[in-house]
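Q: File query.cif below, mmCIF, C-alpha atoms:
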data_upload
#
loop_
_atom_site.label_atom_id
_atom_site.label_comp_id
_atom_site.auth_asym_id
_atom_site.auth_seq_id
_atom_site.Cartn_x
_atom_site.Cartn_y
_atom_site.Cartn_z
CA MET A 190 250.39 113.63 -60.98
CA ILE A 191 247.68 111.79 -59.06
CA PRO A 192 246.48 112.14 -55.45
CA VAL A 193 248.54 110.33 -52.81
CA THR A 194 247.23 108.57 -49.71
CA VAL A 195 249.70 107.76 -46.93
CA VAL A 196 248.62 104.76 -44.84
CA PRO A 197 250.44 104.02 -41.57
CA ASP A 198 251.69 100.47 -41.12
CA ARG A 199 249.69 99.01 -38.24
CA THR A 200 249.54 95.39 -39.44
CA LEU A 201 250.91 92.28 -37.71
CA ARG A 202 251.38 89.25 -39.97
CA VAL A 203 250.88 85.95 -38.09
CA LYS A 204 252.01 82.59 -39.48
CA ILE A 205 249.28 80.39 -38.03
CA ILE A 206 250.05 77.10 -39.81
CA ASP A 207 252.81 75.59 -41.91
CA ALA A 208 250.79 73.04 -43.90
CA CYS A 209 249.85 73.80 -47.52
CA GLY A 210 248.26 71.84 -50.36
CA LEU A 211 250.44 73.45 -53.02
CA ALA A 212 254.20 73.25 -53.61
CA CYS A 213 254.99 76.47 -55.45
CA THR A 214 258.60 76.66 -56.56
CA PHE A 215 258.95 80.32 -55.53
CA CYS A 216 257.48 80.08 -52.00
CA HIS A 217 259.30 81.77 -49.12
CA ASN A 218 257.05 80.05 -46.52
CA GLU A 219 257.30 83.16 -44.34
CA GLY A 220 261.03 82.49 -43.95
CA THR A 221 260.76 79.27 -41.95
CA PRO A 222 261.67 75.68 -42.89
CA VAL A 223 258.88 73.41 -44.14
CA ALA A 224 258.10 71.58 -40.90
CA ALA A 225 256.76 68.45 -42.61
CA ASP A 226 260.16 67.77 -44.18
CA ARG A 227 261.51 66.77 -40.78
CA ASP A 228 259.26 63.69 -40.64
CA GLN A 229 258.49 63.00 -44.29
CA PRO A 230 261.00 60.81 -46.19
CA GLY A 231 261.93 62.40 -49.48
CA GLY A 232 260.56 65.76 -48.44
CA SER A 233 257.16 67.35 -48.93
CA GLY A 234 257.93 68.75 -52.37
CA ARG A 235 257.53 72.25 -50.96
CA VAL A 236 260.32 74.80 -50.72
CA SER A 237 261.42 77.76 -48.66
CA ILE A 238 263.53 79.78 -51.07
CA TYR A 239 265.47 81.81 -48.49
CA LEU A 240 266.23 78.94 -46.13
CA ARG A 241 269.82 78.26 -47.20
CA THR A 242 270.99 81.74 -46.20
CA ASN A 243 268.44 83.29 -43.83
CA GLY A 244 269.64 81.65 -40.62
CA ALA A 245 266.24 80.31 -39.52
CA ALA A 246 266.80 78.56 -36.18
CA PHE A 247 263.35 77.18 -35.33
CA LEU A 248 260.62 75.04 -36.85
CA PRO A 249 257.16 76.62 -37.03
CA ARG A 250 254.33 75.29 -34.92
CA ARG A 251 250.60 75.74 -35.47
CA ILE A 252 249.22 78.64 -33.45
CA ASP A 253 246.14 77.69 -31.46
CA ALA A 254 243.21 79.90 -30.48
CA ASP A 255 244.08 79.84 -26.80
CA VAL A 256 245.06 82.12 -23.95
CA ASP A 257 248.69 82.10 -25.08
CA PHE A 258 247.73 83.61 -28.42
CA ALA A 259 245.52 86.24 -26.79
CA VAL A 260 248.38 87.21 -24.47
CA ALA A 261 250.79 87.38 -27.43
CA LEU A 262 248.48 89.70 -29.39
CA ALA A 263 247.99 91.89 -26.34
CA ALA A 264 251.76 92.07 -25.77
CA ILE A 265 252.43 93.10 -29.38
CA ARG A 266 249.66 95.67 -29.37
CA GLY A 267 250.89 97.08 -26.07
CA SER A 268 254.38 97.73 -27.43
CA LEU A 269 253.69 98.34 -31.12
CA PRO A 270 250.60 100.22 -32.35
CA THR A 271 248.56 97.50 -34.09
CA SER A 272 245.08 97.66 -35.59
CA GLU A 273 245.10 94.68 -37.97
CA VAL A 274 246.11 91.03 -37.83
CA HIS A 275 246.82 89.28 -41.11
CA PHE A 276 246.94 85.47 -41.01
CA THR A 277 249.44 83.68 -43.26
CA GLY A 278 250.98 80.22 -43.54
CA GLY A 279 251.39 77.77 -45.17
CA GLU A 280 247.73 77.91 -46.06
CA PRO A 281 245.59 79.54 -43.33
CA THR A 282 242.31 77.95 -44.48
CA LEU A 283 243.73 74.52 -43.53
CA HIS A 284 243.92 75.59 -39.88
CA PRO A 285 241.42 73.47 -37.87
CA ASP A 286 240.20 76.48 -35.86
CA LEU A 287 240.55 79.48 -38.16
CA PRO A 288 237.16 80.86 -36.97
CA GLY A 289 238.42 80.68 -33.38
CA LEU A 290 241.58 82.64 -34.20
CA THR A 291 239.51 85.16 -36.14
CA ARG A 292 237.04 85.59 -33.29
CA MET A 293 239.82 86.06 -30.75
CA ALA A 294 241.56 88.80 -32.76
CA HIS A 295 238.25 90.48 -33.62
CA ARG A 296 237.22 90.61 -29.95
CA LEU A 297 240.48 92.38 -29.20
CA GLY A 298 239.35 95.13 -31.58
CA LEU A 299 241.62 94.12 -34.46
CA THR A 300 240.66 93.97 -38.11
CA VAL A 301 241.29 90.44 -39.43
CA GLY A 302 242.52 89.48 -42.89
CA LEU A 303 244.30 86.53 -44.40
CA THR A 304 246.30 85.48 -47.46
CA SER A 305 245.16 82.25 -49.09
CA ASN A 306 245.53 80.17 -52.24
CA GLY A 307 241.80 79.43 -52.00
CA GLU A 308 242.07 75.67 -51.69
CA ASN A 309 239.79 75.36 -48.63
CA GLY A 310 238.11 78.75 -48.35
CA ALA A 311 234.61 77.65 -49.35
CA ALA A 312 234.51 75.29 -46.35
CA VAL A 313 235.65 77.75 -43.67
CA ILE A 314 234.85 81.29 -44.81
CA PRO A 315 231.18 81.29 -43.67
CA ASP A 316 232.18 80.59 -40.05
CA CYS A 317 235.14 82.98 -40.32
CA ALA A 318 232.88 85.72 -41.65
CA ALA A 319 230.53 85.21 -38.71
CA ALA A 320 233.57 85.44 -36.40
CA GLY A 321 234.66 88.79 -37.87
CA LEU A 322 236.84 88.08 -40.92
CA ASP A 323 237.11 91.31 -42.91
CA ARG A 324 239.06 90.42 -46.06
CA VAL A 325 240.89 87.71 -47.98
CA ASN A 326 243.87 88.18 -50.29
CA LEU A 327 243.84 85.32 -52.77
CA SER A 328 247.19 84.48 -54.36
CA VAL A 329 246.62 83.42 -57.96
CA PHE A 330 249.52 81.38 -59.32
CA GLY A 331 247.85 80.24 -62.53
CA THR A 332 244.70 80.99 -64.51
CA THR A 333 244.74 77.64 -66.32
CA PRO A 334 245.60 74.13 -65.05
CA GLU A 335 248.75 74.12 -67.14
CA GLU A 336 249.94 77.44 -65.69
CA LEU A 337 249.36 76.34 -62.10
CA ALA A 338 250.96 72.94 -62.64
CA SER A 339 254.04 74.52 -64.22
CA VAL A 340 255.01 76.31 -60.98
CA GLN A 341 254.53 73.30 -58.70
CA GLY A 342 257.11 70.87 -57.39
CA PRO A 343 257.27 67.46 -59.15
CA ARG A 344 254.90 65.75 -56.72
CA LEU A 345 252.07 68.21 -57.48
CA ALA A 346 252.79 69.14 -61.10
CA SER A 347 249.58 67.59 -62.42
CA PRO A 348 247.12 69.59 -64.56
CA ARG A 349 244.29 67.42 -63.23
CA LEU A 350 245.16 68.30 -59.64
CA ALA A 351 245.69 71.93 -60.66
CA GLN A 352 242.18 72.04 -62.11
CA ARG A 353 240.76 70.92 -58.78
CA LYS A 354 242.71 73.70 -57.07
CA LEU A 355 241.36 76.27 -59.55
CA ASP A 356 237.82 75.01 -59.00
CA ALA A 357 238.36 75.43 -55.27
CA LEU A 358 239.62 78.98 -55.84
CA GLY A 359 236.45 79.84 -57.75
CA ALA A 360 234.30 78.38 -54.97
CA THR A 361 236.22 80.42 -52.39
CA ILE A 362 235.58 83.63 -54.32
CA GLU A 363 231.87 82.88 -54.62
CA THR A 364 231.59 81.99 -50.93
CA ALA A 365 233.45 85.09 -49.75
CA ALA A 366 231.28 87.37 -51.90
CA ARG A 367 228.13 85.72 -50.55
CA CYS A 368 229.32 86.14 -46.96
CA GLY A 369 230.27 89.81 -47.34
CA VAL A 370 234.03 89.25 -47.02
CA ARG A 371 236.13 91.57 -49.17
CA VAL A 372 238.27 89.71 -51.68
CA SER A 373 241.32 90.64 -53.73
CA ALA A 374 243.10 88.44 -56.26
CA ASN A 375 246.87 88.98 -56.26
CA ILE A 376 248.89 87.93 -59.30
CA VAL A 377 252.63 88.39 -59.84
CA VAL A 378 253.55 89.69 -63.31
CA PRO A 379 257.23 88.81 -64.00
CA ASP A 380 257.29 89.90 -67.66
CA SER A 381 255.17 90.47 -70.78
CA THR A 382 254.58 86.74 -71.32
CA HIS A 383 252.36 86.88 -68.22
CA VAL A 384 250.13 89.67 -69.53
CA PRO A 385 247.52 87.21 -70.92
CA ARG A 386 247.21 85.66 -67.42
CA VAL A 387 246.28 89.02 -65.95
CA LEU A 388 243.82 89.78 -68.73
CA ARG A 389 242.12 86.39 -68.18
CA LEU A 390 241.93 87.05 -64.45
CA VAL A 391 240.35 90.47 -64.97
CA GLU A 392 237.91 89.02 -67.49
CA GLU A 393 236.86 86.14 -65.25
CA TYR A 394 236.87 87.72 -61.79
CA GLY A 395 237.29 91.49 -62.23
CA ARG A 396 233.64 92.20 -61.46
CA THR A 397 233.69 90.10 -58.28
CA VAL A 398 237.09 90.77 -56.73
CA ILE A 399 239.73 93.48 -56.72
CA VAL A 400 242.57 92.38 -59.00
CA ARG A 401 246.02 93.42 -57.80
CA MET A 402 249.10 93.04 -60.00
CA LEU A 403 252.30 92.47 -58.00
CA VAL A 404 255.75 93.32 -59.23
CA SER A 405 258.17 90.42 -59.30
CA LEU A 406 260.62 90.81 -56.40
CA GLU A 407 263.47 90.02 -58.76
CA ASP A 408 262.34 92.59 -61.31
CA ASP A 409 264.93 93.95 -63.70
CA GLY A 410 262.42 96.36 -65.19
CA SER A 411 260.46 93.81 -67.23
CA SER A 412 257.85 93.31 -64.50
CA LEU A 413 256.95 96.98 -64.30
CA LEU A 414 256.84 97.18 -68.10
CA ALA A 415 254.48 94.21 -68.21
CA MET A 416 252.12 95.83 -65.70
CA ARG A 417 252.19 98.98 -67.81
CA GLU A 418 251.20 96.87 -70.83
CA VAL A 419 248.21 95.47 -68.93
CA VAL A 420 247.12 98.97 -67.92
CA ASN A 421 247.39 100.21 -71.50
CA ARG A 422 245.55 97.26 -73.01
CA LEU A 423 242.73 97.61 -70.50
CA ARG A 424 242.65 101.42 -70.97
CA ALA A 425 242.85 101.82 -67.20
CA VAL A 426 243.20 105.31 -65.74
CA PRO A 427 245.37 106.00 -62.65
CA VAL A 428 243.38 107.66 -59.87
CA ARG A 429 245.43 107.36 -56.66
CA ARG A 430 248.80 106.28 -55.27
CA VAL A 431 248.75 104.55 -51.89
CA ILE A 432 251.97 104.43 -49.83
CA THR A 433 252.37 102.48 -46.60
CA ALA A 434 254.37 104.58 -44.14
CA GLY A 435 256.84 102.43 -42.25
CA ALA A 436 256.99 99.54 -44.73
CA SER A 437 258.02 98.94 -48.34
CA ASP A 438 254.53 98.47 -49.77
CA GLN A 439 253.12 100.92 -52.31
CA ARG A 440 250.49 100.65 -55.04
CA VAL A 441 248.66 102.63 -57.69
CA LEU A 442 244.89 102.39 -57.99
CA TYR A 443 243.58 102.38 -61.57
CA ARG A 444 239.99 102.61 -62.73
CA LEU A 445 238.87 100.39 -65.62
CA PRO A 446 236.46 101.70 -68.27
CA ASP A 447 233.60 99.77 -66.61
CA GLY A 448 234.37 101.49 -63.29
CA HIS A 449 235.99 98.54 -61.54
CA PRO A 450 239.36 98.98 -59.76
CA LEU A 451 242.73 97.51 -60.67
CA TYR A 452 245.82 97.84 -58.48
CA ALA A 453 249.49 97.72 -59.45
CA LYS A 454 251.68 97.01 -56.44
CA SER A 455 255.42 97.62 -56.24
CA ILE A 456 258.15 97.84 -53.60
CA ARG A 457 259.78 100.97 -52.18
CA PRO A 458 263.45 100.67 -51.15
CA VAL A 459 262.69 100.90 -47.42
CA ARG A 460 265.16 99.83 -44.71
CA LEU A 461 265.15 100.02 -40.93
CA PRO A 462 267.80 102.65 -40.15
CA VAL A 463 269.78 100.60 -37.61
CA THR A 464 268.87 96.95 -38.08
CA CYS A 465 269.34 97.02 -41.85
CA ALA A 466 272.34 99.36 -41.97
CA GLU A 467 275.09 96.73 -41.68
CA CYS A 468 273.16 93.76 -43.07
CA ARG A 469 275.03 91.71 -45.68
CA PHE A 470 271.87 91.61 -47.81
CA ASN A 471 271.41 95.38 -47.79
CA ASN A 472 271.91 95.90 -51.50
CA ASP A 473 269.76 95.99 -54.63
CA ARG A 474 270.78 92.46 -55.63
CA ASP A 475 269.85 90.58 -52.44
CA CYS A 476 267.22 92.64 -50.61
CA HIS A 477 264.10 92.26 -52.74
CA GLU A 478 261.35 92.94 -50.22
CA GLY A 479 262.96 95.67 -48.14
CA TYR A 480 261.48 96.17 -44.69
CA TYR A 481 257.91 94.89 -45.03
CA GLY A 482 256.68 94.81 -41.45
CA VAL A 483 256.52 92.69 -38.29
CA ARG A 484 255.76 88.96 -38.31
CA LEU A 485 254.70 86.66 -35.46
CA TYR A 486 255.52 82.93 -35.33
CA ARG A 487 255.23 80.10 -32.81
CA ALA A 488 258.30 77.91 -32.47
CA GLN A 489 257.93 74.18 -31.94
CA ASP A 490 258.70 73.40 -28.31
CA GLY A 491 259.35 77.07 -27.77
CA PRO A 492 257.97 80.60 -27.43
CA PHE A 493 256.28 82.98 -29.81
CA MET A 494 258.89 84.56 -32.06
CA VAL A 495 258.89 87.99 -33.71
CA GLY A 496 260.71 88.67 -36.98
CA VAL A 497 261.30 91.71 -39.16
CA CYS A 498 262.89 90.15 -42.27
CA LEU A 499 262.52 86.94 -44.32
CA ARG A 500 266.14 87.12 -45.45
CA ARG A 501 267.38 87.50 -41.87
CA MET A 502 265.43 85.04 -39.77
CA ASP A 503 268.42 85.05 -37.43
CA LEU A 504 267.10 88.44 -36.33
CA CYS A 505 264.02 86.81 -34.80
CA LEU A 506 263.56 87.40 -31.08
CA SER A 507 261.28 85.71 -28.61
CA LEU A 508 258.17 87.75 -27.94
CA GLY A 509 259.34 88.68 -24.47
CA GLU A 510 262.70 89.84 -25.80
CA PHE A 511 261.16 91.78 -28.68
CA VAL A 512 258.71 93.89 -26.68
CA MET A 513 261.59 95.01 -24.41
CA SER A 514 264.11 95.47 -27.22
CA GLN A 515 265.65 98.40 -28.99
CA ARG A 516 264.44 96.82 -32.24
CA CYS A 517 260.81 97.22 -31.19
CA ARG A 518 261.46 100.86 -30.33
CA GLU A 519 263.24 101.27 -33.67
CA VAL A 520 260.18 99.98 -35.55
CA VAL A 521 257.86 102.35 -33.67
CA ALA A 522 260.12 105.35 -34.26
CA PHE A 523 260.63 104.45 -37.93
CA ARG A 524 256.88 104.18 -38.56
CA GLU A 525 256.27 107.58 -36.98
CA ALA A 526 259.16 109.23 -38.83
CA GLU A 527 258.07 107.78 -42.18
CA GLU A 528 254.50 108.90 -41.67
CA ALA A 529 255.59 112.45 -40.87
CA ARG A 530 258.11 112.59 -43.72
CA LEU A 531 255.68 111.30 -46.35
CA ALA A 532 252.94 113.60 -45.13
CA ARG A 533 255.28 116.57 -45.56
CA GLN A 534 256.52 115.35 -48.93
CA TYR A 535 253.06 114.92 -50.42
CA GLY A 536 251.20 117.51 -48.39
CA VAL A 537 248.68 115.00 -47.07
CA GLY A 538 247.55 113.58 -43.76
CA ALA A 539 247.80 109.84 -43.13
CA ALA A 540 244.70 107.70 -43.62
CA ARG A 541 243.86 106.08 -40.33
CA GLU A 542 242.66 102.70 -41.63
CA PRO A 543 245.48 100.42 -42.87
CA LEU A 544 245.13 98.51 -46.12
CA THR A 545 245.82 94.78 -46.01
CA ARG A 546 249.10 94.12 -47.79
#
What is this file in structure tokens?
A:
Amino acid sequence: MIPVTVVPDRTLRVKIIDACGLACTFCHNEGTPVAADRDQPGGSGRVSIYLRTNGAAFLPRRIDADVDFAVALAAIRGSLPTSEVHFTGGEPTLHPDLPGLTRMAHRLGLTVGLTSNGENGAAVIPDCAAAGLDRVNLSVFGTTPEELASVQGPRLASPRLAQRKLDALGATIETAARCGVRVSANIVVPDSTHVPRVLRLVEEYGRTVIVRMLVSLEDDGSSLLAMREVVNRLRAVPVRRVITAGASDQRVLYRLPDGHPLYAKSIRPVRLPVTCAECRFNNDRDCHEGYYGVRLYRAQDGPFMVGVCLRRMDLCLSLGEFVMSQRCREVVAFREAEEARLARQYGVGAAREPLTR
């Protein structure tokens, strides 16, 4: 038994750009099609793994740091308690005005984070830090050039190119640390063959960043066993369980012998009580992520769109529809009910500051 912290879900994920310099074979691309494929003969080499069945009906457009975005954030926050904006993509650091987006959200009183593969962070993080960037989640897909190249589409499966990407990742980590931006390195651990990758990551970056192991969404038990192997080999001690109320995220905080933290993140089987009840994917085989939170998009030649599920992009509503909808009220009520239920279950109060997921 370890102490439990219940954290209310107050995060809005915003897909700000579709472009990316990697072509990972497992990418969900936030549920949308890869926009470049419309105009690029032969395709970009990137994928969107849920696209064949998720019913996505719009192409994503880059979100600009303009009045429209400020109004959209204000509309979401007015209908759905929100304290943090988390920028995603594509690759957010390729956005031409990431500092402007950061500044706009920060001035609205929102904590700002982003998820990145690190390919361009060294160039933009100083200005983003000055604009109010709080944290960066770095997705680590390989700890050697061969590992990174092995999970890329054919057009990018080059160890030489992968080495340049890894060098860029290292520069991003150094730059973020120098600028006072909090950094975590997230690495998926599908099975025991990936244990050496995690150990290398901890050895190389564990004193600079917070390493977070992520369970594979298609885990059959081997992913959790592999994370347990890492914990045992590192002689890490569990100190706290963190549960996000109103979303499927949960994690255990471990302490390494040298005092540095290590997280193991897994997924709770969380569903929206009405929206998910009759969904065809609502089973253990198809619904890997559960209900993870609210996402904001901008449609090409169209409005801002709000989604609640990568597997059911057909559930997306325009921003105006969402803020007036029963679905928005369902999300608010579900968050509150989950927070109260978990607080009773574990005998704790909810922490007021959300953790970036």
Q: Go through A:Leu262, A:Val196, A:Leu327, A:Val340 and flag the residue nearest Cys213 in chain A, using all atoms listed in the file for the distances.
A: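 Using all atoms listed in the file, the shortest distance to Cys213 in chain A belongs to A:Val340.
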Q: Using all atoms listed in the file, I'd like a table of the residues in range 333-388 of chain A that come within 7 Å of range 234-242 of chain A; for each, show the closest atom pair and its distance in Å rounded to one decimal, ordered by chain and ascending number, as JSON lines.
A:
{"residue": "A:Gly342", "atom": "CA", "partner": "A:Gly234", "partner_atom": "CA", "distance": 5.5}
{"residue": "A:Pro343", "atom": "CA", "partner": "A:Gly234", "partner_atom": "CA", "distance": 6.9}
{"residue": "A:Arg344", "atom": "CA", "partner": "A:Gly234", "partner_atom": "CA", "distance": 6.1}
Q: So how far away is CA of Val398 in chain A from CA of Ala365 in chain A, in Å?
A: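 We find that CA of Ala365 in chain A and CA of Val398 in chain A lie 9.7 Å from each other.
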Q: Under the rule that only C-alpha atoms are counted, which of A:Ile399, A:Val391, A:Leu248, A:Ala254 is the nearest residue to Val419 in chain A?
A: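 Smallest distance to Val419 in chain A is found for A:Val391.
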Q: List, as a PyMOL selection string, every residue that the PyMOL selection byres ((chain A and resi 435) around 6) selects in the file provided.
A: chain A and resi 198+434+436+524+527
Q: Using only C-alpha atoms, pick whichever of A:Ser339, A:Thr464, A:Gln352, A:Ser507 has the shortest atom-to-atom distance to Phe215 in chain A.
A: A:Ser339
Q: Using all atoms listed in the file, give me every residue within 10 Å of (250.0, 72.3, -63.0) in file coordinates, as a VMD selection string.
A: chain A and resid 213 330 to 331 333 to 343 345 to 352 354
Q: Could you check how far CA of Leu322 in chain A sits from CA of Val370 in chain A, in Å to one decimal?
A: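 Answer for the CA of Leu322 in chain A to CA of Val370 in chain A separation: 6.8 Å.
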Q: Once the PyMOL selection byres ((chain A and resi 430) around 7) has been evaluated on this model, what residues remain selected, and can you format them as number ranges by chain?
A: A: 191-194, 429, 431-432, 440-442
Q: Provide an axis-aligned box for all listed atoms of range 306-319 of chain A, padding each side by 3 Å; report its centre and its edge lengths in Å to one decimal, as AutoDock Vina command-line options.
A:
--center_x 238.0 --center_y 80.5 --center_z -45.5 --size_x 21.0 --size_y 16.4 --size_z 19.5
Q: To test your reading of the syntax: which residues would the PyMOL selection byres ((chain A and resi 379) around 8) return for the file shown? Reply as a list in words.
A: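 Evaluating the PyMOL selection byres ((chain A and resi 379) around 8) on these coordinates yields Val377, Val378, Asp380, Ser381, His383, Val404, Ser405, Asp408, Ser411, Ser412 and Ala415 of chain A.
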Q: Around (267.2, 101.2, -40.0) in the file's own coordinates, what residues are found within 9 Å if you use all atoms listed in the file, given back as a list in words?
A: Val459, Arg460, Leu461, Pro462, Val463, Thr464, Cys465, Ala466, Tyr480, Glu519, Val520 and Phe523 of chain A
Q: Counting only C-alpha atoms, figure out which residue out of A:Ile376, A:Pro288, A:Gly536, A:Thr304 gets nearest to Cys317 in chain A.
A: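 Closest residue, counting only C-alpha atoms: A:Pro288.
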Q: Expressed in Å to a single decimal, how great is the separation between CA of Arg487 in chain A and CA of His295 in chain A?
A: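 Result for CA of Arg487 in chain A versus CA of His295 in chain A: 19.9 Å, one decimal.
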Q: Using only C-alpha atoms, which residue out of A:Cys216, A:Phe511, A:Leu299, A:Val195 lies closest to Gln534 in chain A?
A: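 Using only C-alpha atoms, Gln534 in chain A sits closest to A:Val195.
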Q: Which residues are near Pro281 in chain A? Cut-off 8 Å, all atoms listed in the file, ignore same chain within fewer than 3 positions. Put them as a PyMOL selection string.
A: chain A and resi 205-206+276-278+284+287+303-305
